[in-house]
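Dumped start_15.txt below, it's compact mmCIF, C-alpha atoms:
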```
# COMPACT_ATOMS: atom_id res chain seq x y z
CA MET X 1 96.97 -69.58 -32.88
CA GLU X 2 97.86 -67.14 -30.09
CA GLU X 3 95.08 -65.22 -28.44
CA LYS X 4 96.54 -61.82 -29.32
CA GLN X 5 96.65 -62.83 -32.96
CA LEU X 6 93.06 -64.07 -32.78
CA VAL X 7 91.98 -60.78 -31.27
CA ARG X 8 93.78 -58.82 -33.97
CA LEU X 9 92.19 -60.92 -36.71
CA ALA X 10 88.77 -60.51 -35.10
CA GLN X 11 89.32 -56.76 -35.00
CA GLU X 12 90.09 -56.87 -38.69
CA GLY X 13 86.72 -58.54 -39.24
CA SER X 14 87.49 -62.25 -39.32
CA PRO X 15 84.39 -64.18 -38.15
CA GLN X 16 86.48 -67.37 -37.74
CA ALA X 17 88.82 -65.66 -35.29
CA PHE X 18 85.91 -64.30 -33.30
CA GLU X 19 84.28 -67.73 -33.30
CA GLU X 20 87.43 -69.20 -31.77
CA LEU X 21 87.39 -66.57 -29.04
CA VAL X 22 83.71 -67.27 -28.40
CA THR X 23 84.35 -71.00 -28.19
CA LYS X 24 87.16 -70.42 -25.73
CA TYR X 25 85.37 -68.02 -23.40
CA GLN X 26 81.72 -69.01 -23.73
CA PRO X 27 81.74 -71.57 -20.87
CA LYS X 28 83.32 -69.03 -18.50
CA VAL X 29 80.99 -66.22 -19.46
CA PHE X 30 77.99 -68.54 -19.20
CA SER X 31 79.13 -69.86 -15.84
CA MET X 32 79.57 -66.34 -14.51
CA ALA X 33 76.14 -65.25 -15.74
CA LEU X 34 74.65 -68.41 -14.24
CA SER X 35 76.21 -67.83 -10.86
CA PHE X 36 74.51 -64.44 -10.73
CA THR X 37 71.16 -65.35 -12.21
CA ARG X 38 70.75 -69.03 -11.20
CA ASN X 39 68.77 -69.43 -14.38
CA ARG X 40 70.15 -71.34 -17.36
CA GLU X 41 68.09 -69.59 -20.03
CA ALA X 42 68.77 -66.13 -18.63
CA ALA X 43 72.48 -66.94 -18.37
CA ASP X 44 72.48 -68.09 -21.99
CA ASP X 45 70.75 -64.90 -23.16
CA LEU X 46 73.18 -62.79 -21.17
CA SER X 47 76.15 -64.66 -22.63
CA GLN X 48 74.89 -63.98 -26.14
CA GLU X 49 74.47 -60.30 -25.35
CA VAL X 50 77.92 -60.12 -23.77
CA PHE X 51 79.53 -61.48 -26.93
CA LEU X 52 77.50 -59.08 -29.06
CA LYS X 53 78.68 -56.20 -26.91
CA ALA X 54 82.25 -57.45 -27.05
CA TYR X 55 82.03 -57.77 -30.82
CA LEU X 56 80.86 -54.18 -31.20
CA ALA X 57 83.42 -52.91 -28.69
CA LEU X 58 86.27 -54.89 -30.25
CA PRO X 59 87.66 -51.90 -32.21
CA ARG X 60 88.05 -50.09 -28.89
CA PHE X 61 90.04 -52.92 -27.29
CA HIS X 62 93.66 -51.80 -27.27
CA GLY X 63 95.14 -54.77 -25.46
CA ARG X 64 96.04 -52.90 -22.29
CA SER X 65 94.63 -55.83 -20.34
CA GLU X 66 94.18 -59.47 -21.25
CA PHE X 67 91.28 -60.18 -23.58
CA GLY X 68 89.75 -62.47 -20.95
CA THR X 69 89.88 -59.76 -18.28
CA TRP X 70 88.31 -57.27 -20.68
CA LEU X 71 85.57 -59.75 -21.56
CA TYR X 72 84.90 -60.53 -17.90
CA ARG X 73 84.56 -56.82 -17.22
CA ILE X 74 81.95 -56.55 -19.98
CA SER X 75 80.20 -59.61 -18.56
CA ILE X 76 80.12 -58.28 -15.00
CA ASN X 77 78.82 -54.87 -16.09
CA HIS X 78 76.20 -56.45 -18.32
CA VAL X 79 75.00 -58.85 -15.64
CA ARG X 80 74.88 -56.01 -13.11
CA ASP X 81 72.73 -53.95 -15.48
CA TYR X 82 70.47 -56.94 -16.04
CA LEU X 83 70.06 -57.54 -12.31
CA ARG X 84 69.39 -53.88 -11.63
CA LYS X 85 66.74 -53.78 -14.32
CA LYS X 86 65.21 -56.96 -13.08
CA GLY X 87 65.35 -55.82 -9.46
CA ARG X 88 67.13 -58.95 -8.39
CA ALA X 89 69.29 -56.95 -6.03
CA LYS X 90 66.27 -56.54 -3.80
CA GLU X 91 65.64 -58.76 -0.85
CA VAL X 92 65.11 -62.42 -1.34
CA PRO X 93 62.60 -63.36 1.34
CA LEU X 94 64.51 -65.29 3.95
CA ASP X 95 61.29 -66.84 5.15
CA ASP X 96 61.38 -69.01 2.06
CA VAL X 97 64.95 -69.98 2.84
CA ARG X 98 64.11 -71.02 6.37
CA GLU X 99 61.69 -73.56 5.02
CA ILE X 100 64.57 -75.65 3.71
CA SER X 101 65.35 -78.15 6.42
CA PHE X 102 68.76 -79.58 7.12
CA SER X 103 67.56 -82.85 8.45
CA ASP X 104 70.20 -85.46 9.22
CA LYS X 105 67.67 -88.23 9.58
CA GLU X 106 67.84 -89.61 6.09
CA GLN X 107 71.50 -89.05 5.37
CA THR X 108 71.99 -92.72 4.74
CA GLU X 109 70.02 -92.56 1.54
CA ARG X 110 72.09 -91.27 -1.32
CA ALA X 111 69.24 -89.57 -3.13
CA GLU X 112 68.20 -87.74 -0.03
CA ARG X 113 71.75 -86.63 0.58
CA GLU X 114 72.00 -85.24 -2.90
CA LYS X 115 68.70 -83.52 -2.49
CA GLU X 116 69.84 -82.00 0.76
CA ALA X 117 73.13 -80.89 -0.73
CA GLU X 118 71.26 -79.22 -3.53
CA ALA X 119 68.95 -77.55 -1.01
CA ARG X 120 71.98 -76.19 0.85
CA ARG X 121 73.55 -74.95 -2.34
CA THR X 122 70.31 -73.23 -3.24
CA LEU X 123 70.13 -71.71 0.21
CA VAL X 124 73.65 -70.31 0.01
CA GLN X 125 73.06 -68.96 -3.49
CA ARG X 126 69.88 -67.27 -2.41
CA VAL X 127 71.53 -65.71 0.60
CA VAL X 128 74.36 -64.48 -1.64
CA GLN X 129 71.73 -62.67 -3.68
CA THR X 130 70.72 -60.70 -0.59
CA LEU X 131 74.21 -59.22 -0.14
CA PRO X 132 74.96 -55.68 -1.32
CA GLU X 133 76.06 -55.70 -4.94
CA LYS X 134 79.77 -55.04 -4.44
CA TYR X 135 80.06 -57.92 -1.99
CA ARG X 136 77.95 -60.22 -4.12
CA VAL X 137 80.13 -59.55 -7.15
CA ILE X 138 83.45 -60.14 -5.43
CA LEU X 139 82.19 -63.26 -3.67
CA THR X 140 80.89 -64.66 -6.94
CA LEU X 141 84.14 -63.98 -8.75
CA ARG X 142 86.31 -65.51 -6.06
CA ASP X 143 84.32 -68.22 -4.33
CA ILE X 144 81.99 -69.36 -7.09
CA GLN X 145 84.05 -68.66 -10.20
CA GLY X 146 87.36 -69.33 -8.50
CA LEU X 147 89.22 -66.43 -10.11
CA ALA X 148 92.60 -65.38 -8.77
CA TYR X 149 92.90 -62.24 -6.67
CA GLU X 150 94.96 -60.51 -9.36
CA GLU X 151 92.37 -61.33 -11.99
CA ILE X 152 89.56 -59.97 -9.82
CA GLY X 153 91.57 -56.80 -9.25
CA GLY X 154 91.97 -56.45 -13.03
CA ILE X 155 88.29 -56.99 -13.76
CA LEU X 156 86.93 -54.73 -11.04
CA ARG X 157 89.84 -52.27 -11.24
CA LEU X 158 90.64 -52.68 -7.57
CA SER X 159 93.96 -52.85 -5.78
CA PRO X 160 94.95 -56.23 -4.27
CA GLY X 161 94.45 -54.77 -0.79
CA THR X 162 90.91 -53.68 -1.60
CA VAL X 163 90.11 -57.08 -3.12
CA ASP X 164 91.35 -58.74 0.05
CA SER X 165 89.45 -56.52 2.49
CA ARG X 166 86.23 -56.46 0.46
CA LEU X 167 86.25 -60.22 0.08
CA HIS X 168 86.84 -60.63 3.79
CA ARG X 169 83.86 -58.37 4.57
CA ALA X 170 81.69 -60.19 2.05
CA ARG X 171 82.49 -63.59 3.59
CA ARG X 172 81.86 -62.33 7.09
CA MET X 173 78.55 -60.87 6.00
CA LEU X 174 77.55 -64.10 4.31
CA ARG X 175 78.51 -66.17 7.31
CA GLY X 176 76.49 -63.83 9.50
CA LYS X 177 73.41 -64.54 7.40
CA LEU X 178 74.10 -68.26 7.18
CA VAL X 179 74.92 -68.91 10.81
CA PRO X 180 71.47 -70.33 11.62
CA TYR X 181 71.91 -72.91 8.86
CA LEU X 182 75.55 -73.81 9.31
CA THR X 183 76.65 -76.37 11.86
CA GLY X 184 79.13 -75.97 14.60
CA GLU X 185 82.44 -77.68 15.10
CA GLY X 186 84.60 -78.46 12.13
CA GLY X 187 81.94 -78.03 9.47
CA ALA X 188 80.03 -81.22 10.05
CA HIS X 189 77.61 -80.22 7.30
CA GLU X 190 80.29 -80.05 4.69
CA LEU X 191 79.16 -81.49 1.40
CA SER X 192 80.41 -84.85 0.37
CA MET T 1 96.79 -63.70 18.22
CA ASN T 2 93.33 -62.27 18.87
CA CYS T 3 90.11 -63.69 17.41
CA ARG T 4 89.69 -60.84 14.92
CA LYS T 5 93.08 -61.51 13.38
CA ALA T 6 92.45 -65.26 13.59
CA GLU T 7 89.32 -64.89 11.48
CA LYS T 8 91.32 -63.18 8.73
CA GLN T 9 93.96 -65.88 8.94
CA ILE T 10 91.30 -68.61 8.76
CA LEU T 11 90.01 -67.20 5.48
CA ARG T 12 93.54 -66.79 4.12
CA ALA T 13 94.28 -70.38 5.07
CA LEU T 14 91.13 -71.62 3.34
CA ASP T 15 92.27 -69.68 0.25
CA GLY T 16 95.67 -71.35 0.45
CA ARG T 17 97.37 -68.01 1.07
CA LEU T 18 98.86 -68.59 4.48
CA ASP T 19 102.50 -69.55 4.92
CA GLY T 20 103.71 -72.33 7.21
CA THR T 21 104.66 -70.20 10.21
CA ALA T 22 101.35 -68.32 10.22
CA GLN T 23 99.50 -71.62 9.85
CA GLY T 24 101.22 -72.92 12.97
CA VAL T 25 100.25 -69.83 14.95
CA LEU T 26 96.67 -70.13 13.74
CA ALA T 27 96.49 -73.82 14.63
CA LYS T 28 97.59 -73.01 18.19
CA HIS T 29 94.92 -70.35 18.47
CA LEU T 30 92.23 -72.68 17.14
CA GLU T 31 93.15 -75.32 19.66
CA ALA T 32 92.58 -72.88 22.45
CA CYS T 33 89.56 -70.99 21.09
CA PRO T 34 86.24 -72.82 20.52
CA ALA T 35 84.61 -69.72 18.94
CA CYS T 36 87.28 -69.53 16.26
CA ARG T 37 87.10 -73.29 15.74
CA LYS T 38 83.39 -72.89 15.08
CA ALA T 39 84.07 -69.98 12.75
CA GLU T 40 86.63 -72.10 10.89
CA GLY T 41 84.05 -74.88 10.48
CA ASP T 42 81.40 -72.44 9.30
CA TYR T 43 83.68 -70.87 6.73
CA ARG T 44 84.84 -74.24 5.50
CA SER T 45 81.24 -75.40 4.98
CA MET T 46 80.22 -72.12 3.42
CA LEU T 47 83.07 -72.02 0.91
CA ALA T 48 82.52 -75.68 0.02
CA LEU T 49 78.88 -74.92 -0.74
CA LEU T 50 79.82 -71.92 -2.84
CA ARG T 51 82.59 -73.70 -4.72
CA ASN T 52 80.51 -76.77 -5.48
CA GLY T 53 77.77 -74.69 -6.95
CA GLY T 54 76.57 -77.44 -9.25
CA GLU T 55 77.72 -76.60 -12.75
CA ALA T 56 75.01 -76.41 -15.38
CA ALA T 57 75.99 -77.05 -18.96
CA PRO T 58 75.52 -74.16 -21.38
CA LEU T 59 72.66 -74.43 -23.85
CA PRO T 60 73.70 -76.08 -27.12
CA ARG T 61 74.47 -74.46 -30.47
CA PHE T 62 75.71 -71.23 -28.92
CA TRP T 63 77.72 -70.04 -31.92
CA GLU T 64 75.00 -71.04 -34.40
CA ARG T 65 72.59 -68.81 -32.52
CA LEU T 66 75.10 -66.00 -32.05
CA GLU T 67 76.47 -65.84 -35.59
CA PRO T 68 73.27 -64.51 -37.28
CA ARG T 69 73.02 -61.81 -34.64
CA LEU T 70 76.60 -60.78 -35.30
CA ARG T 71 75.93 -60.69 -39.03
CA GLU T 72 72.90 -58.51 -38.41
CA GLU T 73 75.00 -56.18 -36.29
CA ARG T 74 77.63 -56.02 -39.02
CA GLU T 75 74.94 -54.85 -41.44
CA ILE T 76 73.33 -52.43 -39.00
CA VAL T 77 76.48 -50.80 -37.73
CA PRO T 78 77.61 -49.23 -41.03
CA LEU T 79 74.01 -48.16 -41.64
CA LEU T 80 73.89 -46.55 -38.27
CA PHE T 81 77.16 -44.83 -39.05
CA TRP T 82 75.71 -43.28 -42.20
CA GLU T 83 72.50 -42.43 -40.41
CA ARG T 84 74.45 -40.73 -37.67
CA LEU T 85 76.57 -38.96 -40.25
CA SER T 86 73.53 -37.76 -42.21
CA LEU T 87 71.86 -36.59 -39.03
CA ARG T 88 74.91 -34.48 -38.30
CA THR T 89 75.17 -33.31 -41.91
CA ILE T 90 71.58 -32.06 -42.22
CA PRO T 91 71.90 -29.08 -39.85
CA VAL T 92 75.32 -28.22 -41.24
CA LEU T 93 73.97 -28.21 -44.79
CA ALA T 94 70.91 -26.19 -43.75
CA LEU T 95 73.16 -23.61 -42.12
CA LEU T 96 75.35 -23.44 -45.19
CA VAL T 97 72.37 -22.95 -47.53
CA GLY T 98 70.99 -20.26 -45.21
CA LEU T 99 74.32 -18.42 -45.19
CA ILE T 100 74.69 -18.53 -48.95
CA GLY T 101 71.07 -17.41 -49.42
CA GLY T 102 71.56 -14.56 -46.96
CA VAL T 103 74.71 -13.37 -48.67
CA LEU T 104 72.99 -13.45 -52.06
CA PHE T 105 69.90 -11.72 -50.73
CA PHE T 106 71.63 -8.87 -48.98
CA THR T 107 74.37 -8.17 -51.54
CA PRO T 108 73.21 -5.35 -53.88
CA PRO T 109 73.14 -6.42 -57.53
CA VAL T 110 75.93 -5.14 -59.72
CA ARG T 111 74.44 -2.77 -62.30
CA GLU T 112 75.86 -2.51 -65.77
CA MET T 113 77.09 0.91 -66.60
CA ASN T 114 75.81 2.60 -69.69
CA GLN T 115 78.18 3.87 -72.29
CA SER T 116 78.11 7.45 -71.01
CA ALA T 117 79.01 6.33 -67.49
CA THR T 118 81.80 4.20 -68.92
CA LEU T 119 83.14 7.11 -70.88
CA LEU T 120 82.97 9.37 -67.85
CA LEU T 121 84.74 6.74 -65.78
CA GLU T 122 87.47 6.59 -68.36
CA ASN T 123 87.70 10.37 -68.09
CA ARG T 124 86.50 10.86 -71.62
CA ASP T 125 83.91 13.29 -72.82
CA PRO T 126 80.71 11.41 -73.72
CA LEU T 127 79.65 14.21 -76.03
CA SER T 128 82.90 14.29 -78.02
CA GLU T 129 81.66 11.64 -80.48
CA THR T 130 78.33 13.33 -81.08
CA GLN T 131 79.91 16.75 -81.32
CA ALA T 132 81.03 15.96 -84.87
CA PHE T 133 77.43 15.20 -85.88
CA PHE T 134 76.20 18.55 -84.68
CA GLU T 135 79.05 20.37 -86.37
CA THR T 136 77.95 18.99 -89.77
CA ASP T 137 76.29 21.66 -91.87
CA ARG T 138 73.87 19.55 -93.87
CA PRO T 139 70.87 18.40 -91.85
CA GLU T 140 70.42 15.21 -93.99
CA THR T 141 73.98 14.11 -93.25
CA ARG T 142 73.50 14.90 -89.57
CA THR T 143 70.25 12.88 -89.48
CA MET T 144 71.89 9.93 -91.24
CA MET T 145 74.87 10.01 -88.91
CA LEU T 146 72.58 10.08 -85.90
CA MET T 147 70.54 7.20 -87.28
CA PHE T 148 73.60 5.01 -87.86
CA ALA T 149 74.99 5.96 -84.49
CA SER T 150 71.72 4.97 -82.83
CA LEU T 151 71.83 1.61 -84.59
CA ASP T 152 75.29 0.92 -83.17
CA GLU T 153 74.32 2.19 -79.76
CA LYS T 154 72.92 -0.43 -77.43
CA SER T 155 71.90 1.93 -74.72
CA PRO T 156 68.44 3.38 -75.26
CA ALA T 157 69.56 6.55 -73.54
CA ARG T 158 71.71 7.46 -76.54
CA ARG T 159 68.97 6.92 -79.13
CA PRO T 160 67.62 10.07 -80.61
CA ILE T 161 64.08 10.79 -79.59
CA PRO T 162 61.90 10.88 -82.72
```
Could I get this file's structure written as structure tokens?
Amino acid sequence: MEEKQLVRLAQEGSPQAFEELVTKYQPKVFSMALSFTRNREAADDLSQEVFLKAYLALPRFHGRSEFGTWLYRISINHVRDYLRKKGRAKEVPLDDVREISFSDKEQTERAEREKEAEARRTLVQRVVQTLPEKYRVILTLRDIQGLAYEEIGGILRLSPGTVDSRLHRARRMLRGKLVPYLTGEGGAHELS
Amino acid sequence: MNCRKAEKQILRALDGRLDGTAQGVLAKHLEACPACRKAEGDYRSMLALLRNGGEAAPLPRFWERLEPRLREEREIVPLLFWERLSLRTIPVLALLVGLIGGVLFFTPPVREMNQSATLLLENRDPLSETQAFFETDRPETRTMMLMFASLDEKSPARRPIP
């Protein structure tokens, strides 16, 4: 069944149609919430709340944008509210981050490599959390979620030019914070 | 190409948004500029770390946990609607009752007119009917006529005083 039809049926009160929409979008909504919270349980709770909000707001969805874009917008706003309430936007102490070492000594051992890769991922995620909200959001949507520029523009209601320039600034800012942990020539620390 | 522009082009290239000609120009610049080469390496590493964020699987039974909450909302929402409606209705009703009460309180009651007033309103002489009684010669007849007239008369004003 087409998505528009599913949406219409859900608006008319069909739980089956809404279930199909939930099944389709739940992994994406969860993944987005997870990339902001880095906590599986919190991301799950947020996803549930997002779908509840969407369900209640469904009569006000007029199909001017894609259902997915509309749902992402609800997700982003809900996650933002959650982070503001929780005060996650505040500084993550970089002292903790510095403790993670990027030792090359034990790269031969697979387990150690995986551990190190995970440590780097954690480091980057934690540094992302220290960025101002608008940069954190756009970076998450593009570089973690992998959404297209047009989609990001639709969700955040930004022009393509603004998406481009904001993303550029966000990446520069992130690199500035990560420079002490990133290697030099050609990205020698690139993950396998 | 300067380094500032090169940095933008590096990010575009890593996004796959740089055409062939621009890529060639960028490659030439990178060959000649160690700082931009380092920047390119940094960005490449950084984006790889972000993009391979280690996907965690969602918790199981998502719909089974969501569905009862939706059902609950379905039940609450109409209730809330009626609650909201009644909350709006209460002041409106109170105002209406107050208005009606005020109108009733301040409107002077309509008094029933007695027969004499009615006759006067109709431009008739209220004494014309009784005149015949007084013109009767015999006092017994006059008394009887007055008695019967007083029985018909509802207004106490027209009753003869004993």
note - CA of Leu156 (chain X) and CA of Val79 (chain X) are separated by 13.4 Å
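For the pair CA of Ala54 (chain X) and CA of Pro27 (chain X), the interatomic distance is 15.4 Å.
If you count all atoms listed in the file and ignore residues fewer than 4 places along the chain from Pro60 (chain T), what sits within 10 Å of it is X:Asp44, T:Glu64, T:Arg65.
Comparing T:Asn52, T:Gln115, T:Asn123, T:Gln131 by their smallest distance to chain X, the closest is T:Asn52 (using all atoms listed in the file).
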inquiry  = Near chain X, meaning an atom within 12 Å, which residues of chain T appear when counting all atoms listed in the file? Write them as a ChimeraX atom specification.
reply    = /T:4-5,7-12,14-17,30-31,33-78
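The interatomic distance for the pair CA of Asp19 (chain T) and CA of Thr69 (chain X) works out to 28.2 Å.
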(Q) Give me, as number ranges by chain, all polymer residues having an atom no more than 12 Å from Val163 (chain X), counting all atoms listed in the file and skipping those fewer than 6 positions away in the same chain. (A) X: 134-135, 137-139, 141-142, 147-157, 169-170
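Each of X:Ala57, X:Leu9, X:Trp70, X:Lys177 was checked against Arg126 (chain X) using only C-alpha atoms; the smallest atom-to-atom distance is that of X:Lys177.
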